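Each remark here refers to the structure printed beneath this line.
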Amino acid sequence: MVPDRVEYVVSSGQHIIGSYCHREFELSGLASICHMLGIRNLNSLNNLVFSYDDRDTFKVAFFDNSMLEVPVSPNVPRNVSNNIAFEVLVQPSHMLEYCHGLDLSVKFRNITDLWNTKDSFTAYHNNRCWRLQIKKRRDVKRAAIHEGWI
């Protein structure tokens, strides 16, 4: 049986307290998610997927009209871990199927040298975040963002 007090866990790992009304068979407490996603209400999403652990926790995933999971971030950090940050300009050509990826400038080598041959990082823009895959080329030690954005 679902308890009166429940907890939602979103993709960022944040826990949000909610409740369950046994009389109405209704979950509540997701309003703060709208603020995190920068949307007015949950109607702008295509699907919400709930996974229940048979105790008091629901893992919740949010999907847009393209059926892509919408990343949830409670607040965008001002910098990345270890105070490492950089900017890249993604062009429409980078979205083409045959694009090899977005090469990162050698001026960011102090950052890319910290990455493994195949690694990933989280990119932030306003209240949205994406997990991007990078690949380092062995021959020239150059890194490229390879996959992860739409």
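Residues are referred to by chain and number: the chain letter is A, B, ... according to the order shown in the structure tokens, the number counts from 1 in that chain, and ligands are numbered separately from 1 in the order shown.
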
Hey, what does DSSP flag as strand (DSSP E or B) within segment 11-111 of chain A? Can you give it to me as a list of chain:residue names? A:His15, A:Ile16, A:Ile17, A:Gly18, A:Ser19, A:Tyr20, A:Cys21, A:Glu26, A:Leu27, A:Ser28, A:Asn47, A:Leu48, A:Val49, A:Phe50, A:Ser51, A:Tyr52, A:Thr57, A:Phe58, A:Lys59, A:Val60, A:Ala61, A:Phe62, A:Phe63, A:Glu69, A:Val80, A:Ile84, A:Leu102, A:Asp103

Using only C-alpha atoms, which protein or nucleic acid residues come within 12 Å of Val60 of chain A? Drop anything in the same chain fewer than 2 positions from it, and give the result as a list of chain:residue names. A:Glu7, A:Tyr8, A:Val9, A:Val10, A:Ser11, A:Ser12, A:Gly13, A:Gln14, A:His15, A:Ile16, A:Leu30, A:Ile33, A:Asn47, A:Leu48, A:Val49, A:Phe50, A:Ser51, A:Tyr52, A:Asp53, A:Thr57, A:Phe58, A:Phe62, A:Phe63, A:Glu69, A:Val70, A:Pro71, A:Val72

Calculate how many Å separate atom CA of Asp4 of chain A from atom CA of Leu27 of chain A, rounding to one decimal.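 Value for the atom CA of Asp4 of chain A-atom CA of Leu27 of chain A distance: 9.2 Å.
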
Would you mind listing what lies within 12 Å of Cys21 of chain A as an mmCIF file with N, CA and C atoms, in the first residue's frame, with only C-alpha atoms counted and same-chain residues fewer than 2 positions away left out?
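So selection29.cif came out as:
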data_model
loop_
_atom_site.group_PDB
_atom_site.id
_atom_site.type_symbol
_atom_site.label_atom_id
_atom_site.label_comp_id
_atom_site.auth_asym_id
_atom_site.auth_seq_id
_atom_site.Cartn_x
_atom_site.Cartn_y
_atom_site.Cartn_z
ATOM 1 N N MET A 1 0.836 -1.185 0.000
ATOM 2 C CA MET A 1 0.000 0.000 0.000
ATOM 3 C C MET A 1 0.886 1.256 0.000
ATOM 4 N N VAL A 2 0.508 2.212 -0.794
ATOM 5 C CA VAL A 2 1.259 3.464 -0.897
ATOM 6 C C VAL A 2 1.012 4.284 0.370
ATOM 7 N N PRO A 3 2.066 4.775 1.025
ATOM 8 C CA PRO A 3 1.885 5.594 2.227
ATOM 9 C C PRO A 3 1.373 6.997 1.898
ATOM 10 N N ASP A 4 0.926 7.723 2.925
ATOM 11 C CA ASP A 4 0.437 9.092 2.732
ATOM 12 C C ASP A 4 1.561 10.025 2.266
ATOM 13 N N ARG A 5 2.751 9.852 2.823
ATOM 14 C CA ARG A 5 3.908 10.679 2.456
ATOM 15 C C ARG A 5 4.770 9.873 1.495
ATOM 16 N N VAL A 6 5.069 10.456 0.336
ATOM 17 C CA VAL A 6 5.909 9.787 -0.652
ATOM 18 C C VAL A 6 7.077 10.685 -1.023
ATOM 19 N N GLY A 18 6.280 14.457 -1.525
ATOM 20 C CA GLY A 18 4.922 14.562 -2.044
ATOM 21 C C GLY A 18 3.963 13.805 -1.143
ATOM 22 N N SER A 19 2.766 13.631 -1.632
ATOM 23 C CA SER A 19 1.779 12.900 -0.832
ATOM 24 C C SER A 19 0.880 12.071 -1.740
ATOM 25 N N ARG A 23 -8.136 8.373 -0.631
ATOM 26 C CA ARG A 23 -9.549 8.546 -0.986
ATOM 27 C C ARG A 23 -9.714 8.857 -2.476
ATOM 28 N N GLU A 24 -8.814 9.696 -3.030
ATOM 29 C CA GLU A 24 -8.898 10.100 -4.437
ATOM 30 C C GLU A 24 -7.969 9.293 -5.344
ATOM 31 N N PHE A 25 -7.127 8.437 -4.742
ATOM 32 C CA PHE A 25 -6.119 7.679 -5.505
ATOM 33 C C PHE A 25 -5.255 8.631 -6.332
ATOM 34 N N GLU A 26 -4.725 9.657 -5.654
ATOM 35 C CA GLU A 26 -4.053 10.737 -6.359
ATOM 36 C C GLU A 26 -2.716 11.080 -5.710
ATOM 37 N N LEU A 27 -1.690 11.202 -6.549
ATOM 38 C CA LEU A 27 -0.386 11.673 -6.096
ATOM 39 C C LEU A 27 -0.326 13.188 -6.235
ATOM 40 N N SER A 28 0.372 13.848 -5.336
ATOM 41 C CA SER A 28 0.566 15.296 -5.451
ATOM 42 C C SER A 28 1.972 15.648 -4.993
ATOM 43 N N GLY A 29 2.390 16.865 -5.323
ATOM 44 C CA GLY A 29 3.696 17.336 -4.895
ATOM 45 C C GLY A 29 4.693 17.545 -6.018
#

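With distances restricted to only C-alpha atoms, A:Arg142 is the closest residue to Phe108 of chain A from A:Lys135, A:His35, A:Arg40, A:Arg142.
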
Nearest to Asn43 of chain A: which of A:Leu104, A:Ile134, A:Ala31, A:Ala143 is it, counting only C-alpha atoms?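 Nearest candidate to Asn43 of chain A out of A:Leu104, A:Ile134, A:Ala31, A:Ala143: A:Ala31.
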
Hey, which of A:Lys136, A:Leu102, A:Met67, A:Ser93 ends up closest to Leu114 of chain A? Count only C-alpha atoms.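 Selected residue with least distance to Leu114 of chain A: A:Lys136.
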
List the spatial neighbours of Ala144 of chain A as a PyMOL selection string - criterion: any atom at most 12 Å away, only C-alpha atoms, same-chain residues fewer than 4 positions off excluded. chain A and resi 88+90+94+99-106+108-109+112+115-121+132-138+140+148

Export of the given selection (N, CA and C atoms) as a compact mmCIF listing (two decimals), in the first residue's frame:
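As a result, part-v2.txt now contains:
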# COMPACT_ATOMS: atom_id res chain seq x y z
N VAL A 88 30.99 26.47 -25.81
CA VAL A 88 31.11 26.11 -27.21
C VAL A 88 29.86 26.60 -27.92
N VAL A 90 27.32 25.58 -30.71
CA VAL A 90 26.86 24.45 -31.49
C VAL A 90 26.14 25.00 -32.72
N HIS A 94 26.36 20.68 -36.84
CA HIS A 94 26.76 19.69 -35.84
C HIS A 94 25.65 18.68 -35.54
N CYS A 99 27.90 14.18 -39.21
CA CYS A 99 28.88 15.04 -38.54
C CYS A 99 29.76 14.21 -37.61
N HIS A 100 31.05 14.44 -37.64
CA HIS A 100 31.99 13.68 -36.81
C HIS A 100 31.97 14.14 -35.35
N GLY A 101 31.34 15.24 -35.08
CA GLY A 101 31.30 15.77 -33.72
C GLY A 101 31.76 17.20 -33.69
N LEU A 102 31.73 17.79 -32.54
CA LEU A 102 32.15 19.17 -32.37
C LEU A 102 33.53 19.17 -31.72
N ASP A 103 34.56 19.51 -32.49
CA ASP A 103 35.91 19.56 -31.95
C ASP A 103 36.03 20.68 -30.93
N LEU A 104 36.70 20.37 -29.85
CA LEU A 104 36.96 21.37 -28.83
C LEU A 104 38.33 21.99 -29.10
N SER A 105 38.40 23.28 -28.96
CA SER A 105 39.62 24.02 -29.24
C SER A 105 40.75 23.55 -28.31
N VAL A 106 41.99 23.62 -28.84
CA VAL A 106 43.15 23.25 -28.03
C VAL A 106 43.34 24.20 -26.85
N PHE A 108 41.32 24.67 -24.69
CA PHE A 108 40.69 24.01 -23.55
C PHE A 108 41.42 22.72 -23.17
N ARG A 109 42.62 22.56 -23.65
CA ARG A 109 43.37 21.33 -23.41
C ARG A 109 43.58 21.05 -21.93
N THR A 112 40.39 19.21 -21.26
CA THR A 112 40.20 17.94 -21.98
C THR A 112 41.25 16.90 -21.60
N TRP A 115 40.03 14.32 -19.16
CA TRP A 115 39.03 13.35 -19.59
C TRP A 115 39.68 12.06 -20.08
N ASN A 116 38.94 10.96 -19.96
CA ASN A 116 39.37 9.68 -20.52
C ASN A 116 39.12 9.68 -22.02
N THR A 117 39.59 8.62 -22.70
CA THR A 117 39.41 8.52 -24.15
C THR A 117 37.95 8.59 -24.54
N LYS A 118 37.09 7.94 -23.77
CA LYS A 118 35.65 8.03 -23.99
C LYS A 118 35.05 8.40 -22.65
N ASP A 119 34.48 9.59 -22.57
CA ASP A 119 33.98 10.11 -21.30
C ASP A 119 32.71 10.90 -21.56
N SER A 120 32.15 11.50 -20.53
CA SER A 120 30.98 12.35 -20.71
C SER A 120 31.01 13.45 -19.67
N PHE A 121 30.24 14.49 -19.93
CA PHE A 121 30.11 15.59 -18.99
C PHE A 121 28.70 16.15 -19.10
N LEU A 132 26.50 14.90 -22.26
CA LEU A 132 27.12 14.81 -23.57
C LEU A 132 28.30 13.85 -23.54
N GLN A 133 28.45 13.08 -24.61
CA GLN A 133 29.55 12.14 -24.72
C GLN A 133 30.69 12.80 -25.46
N ILE A 134 31.89 12.63 -24.94
CA ILE A 134 33.07 13.14 -25.63
C ILE A 134 33.95 11.95 -26.02
N LYS A 135 34.72 12.18 -27.06
CA LYS A 135 35.71 11.18 -27.47
C LYS A 135 37.00 11.91 -27.73
N LYS A 136 38.08 11.34 -27.25
CA LYS A 136 39.40 11.90 -27.51
C LYS A 136 40.07 11.05 -28.58
N ARG A 137 40.60 11.72 -29.57
CA ARG A 137 41.33 11.01 -30.62
C ARG A 137 42.74 10.72 -30.12
N ARG A 138 43.14 9.50 -30.22
CA ARG A 138 44.44 9.08 -29.69
C ARG A 138 45.60 9.75 -30.42
N VAL A 140 45.94 12.73 -32.10
CA VAL A 140 46.24 14.15 -31.91
C VAL A 140 45.82 14.66 -30.53
N GLY A 148 24.86 13.08 -27.71
CA GLY A 148 24.17 13.44 -26.49
C GLY A 148 23.19 14.58 -26.62
